[in-house]
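Comments concern the structure below.
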Amino acid sequence: MITIFRLRYEISFLVLSLTIGVLIFISARGLPEPTYEPMGAAAFPIGIASITVFLVLLKVFWIFVEKKNLLSFEDDEESQLSLLKSFCMLLIFIIFVALVCLFNISFWVCAFLFMLLAMAFLKKPNNLRSFAVQCVLLIFFSLVLDYVVTDILYFKF
C-alpha cells in the first residue's frame, strides 16, 4: 500500500529532480560552442539532464497509471517519521550547498561537515573511539573528494 505521505514524498522528489535537470540543461546551453571537438563541453551535461528529465517523466507516468489502485489514504506514524527524516536530510544538503556557494567556505570542510552530519543523523556512533575513527576517515575522504572536484574536474567554488 502506498500512503498519501509516501506519494507526497515521491512527487516532491520528482519536482526537485525535474528542477535540477532543467537547470542543468539551461546551464549547459550557455556553454560556448566547441572549436576543435565535435560534441563540445555541453554534451555530457545535456545528456545527464535529458536522462534525468526522461526518468522523471517516466516515474510520473508510472505513479499515475500503475499505482492508482494501490493508493491508501491511511497515514501511519512510520510514514510520517520517514517523511521527517527525508526532510532533515534535504535540509542538511541545502545547508551544504549554502555553505559552499554562498559563504565560500572551503569545499573539503563543507563536505566533511555534510558527511558527518548525515552519518550521525542516519546512524549514531556507538562510542567515542568509533566516532574519532569515523571523523578521521571522513576528513581523508573529503580531502580526496576536494582534490577530485577542484583539481581534476575544475569546479571553482
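Following the order of the C-alpha cells, chains are lettered A, B, ..., residues in each are numbered from 1, and ligands are numbered from 1.
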
From a backbone DSSP assignment, name each residue in segment 51-151 of chain A labelled alpha helix (DSSP H), as an NGL selection string. :A and (51-66 or 77-101 or 107-122 or 128-147)

Pick from A:Leu122, A:Ile63, A:Ser27, A:Val15: nearest to Met89 of chain A, with only C-alpha atoms counted? A:Leu122

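The neighbours of segment 56-58 of chain A here are the residues that come within 8 Å of it, using only C-alpha atoms and leaving out any residue fewer than 5 positions away in the same chain; they are Leu14, Ser17 and Leu18 of chain A.
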
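Counting only C-alpha atoms, segment 109-121 of chain A has the following residues at most 9 Å away, ignoring those fewer than 5 positions along the same chain: Lys85, Cys88, Met89, Ile92, Phe93, Ile95, Phe96, Val97, Leu99, Val100, Gln134, Cys135, Leu138, Ile139, Phe140, Phe141, Ser142, Leu143, Leu145 and Asp146 of chain A.
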
Could those residues be written to a file, using C-alpha atoms, as an mmCIF file, in the first residue's frame?
data_model
loop_
_atom_site.group_PDB
_atom_site.id
_atom_site.type_symbol
_atom_site.label_atom_id
_atom_site.label_comp_id
_atom_site.auth_asym_id
_atom_site.auth_seq_id
_atom_site.Cartn_x
_atom_site.Cartn_y
_atom_site.Cartn_z
ATOM 1 C CA LYS A 85 13.859 12.070 8.151
ATOM 2 C CA CYS A 88 16.025 16.608 7.582
ATOM 3 C CA MET A 89 18.425 15.061 5.063
ATOM 4 C CA ILE A 92 21.400 19.069 5.623
ATOM 5 C CA PHE A 93 22.049 19.071 1.860
ATOM 6 C CA ILE A 95 22.986 23.762 4.298
ATOM 7 C CA PHE A 96 25.929 22.118 2.498
ATOM 8 C CA VAL A 97 25.131 23.895 -0.771
ATOM 9 C CA LEU A 99 27.962 26.895 2.840
ATOM 10 C CA VAL A 100 29.827 26.122 -0.372
ATOM 11 C CA GLN A 134 34.791 7.997 11.566
ATOM 12 C CA CYS A 135 35.976 11.630 11.722
ATOM 13 C CA LEU A 138 35.730 11.440 6.702
ATOM 14 C CA ILE A 139 38.488 14.059 6.734
ATOM 15 C CA PHE A 140 40.607 11.871 4.460
ATOM 16 C CA PHE A 141 37.690 11.200 2.119
ATOM 17 C CA SER A 142 36.662 14.867 1.991
ATOM 18 C CA LEU A 143 40.244 15.906 1.140
ATOM 19 C CA LEU A 145 36.929 14.492 -2.861
ATOM 20 C CA ASP A 146 38.103 18.123 -2.773
#

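A straight line drawn from atom CA of Phe54 of chain A to atom CA of Leu31 of chain A is 22.0 Å long.
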
Would you work out the distance separating atom CA of Met39 of chain A from atom CA of Tyr154 of chain A, expressed in Å to one decimal? 19.1 Å

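Once Arg29 of chain A and its same-chain neighbours fewer than 4 positions away are set aside, Ile24, Phe25, Ala42 and Ile46 of chain A remain within 9 Å of it when counting only C-alpha atoms.
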
Keeping only N, CA and C atoms, take the residues you just selected and write them out as a PDB file, in the first residue's frame.
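Below is the file again.pdb, written as the result:
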ATOM      1  N   ILE A  24      20.218  22.206 -15.131  1.00  0.00           N
ATOM      2  CA  ILE A  24      21.446  21.716 -15.757  1.00  0.00           C
ATOM      3  C   ILE A  24      21.362  21.871 -17.272  1.00  0.00           C
ATOM      4  N   PHE A  25      20.200  21.558 -17.831  1.00  0.00           N
ATOM      5  CA  PHE A  25      20.020  21.696 -19.270  1.00  0.00           C
ATOM      6  C   PHE A  25      20.179  23.150 -19.712  1.00  0.00           C
ATOM      7  N   ALA A  42      29.283  20.794 -23.669  1.00  0.00           N
ATOM      8  CA  ALA A  42      27.894  20.711 -23.217  1.00  0.00           C
ATOM      9  C   ALA A  42      27.268  19.337 -23.438  1.00  0.00           C
ATOM     10  N   ILE A  46      24.176  17.974 -20.997  1.00  0.00           N
ATOM     11  CA  ILE A  46      22.884  17.883 -21.691  1.00  0.00           C
ATOM     12  C   ILE A  46      22.387  16.440 -21.686  1.00  0.00           C
TER      13      ILE A  46
END

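Taking atom CA of Leu137 of chain A as the reference point, atom CA of Trp108 of chain A is found at 12.7 Å.
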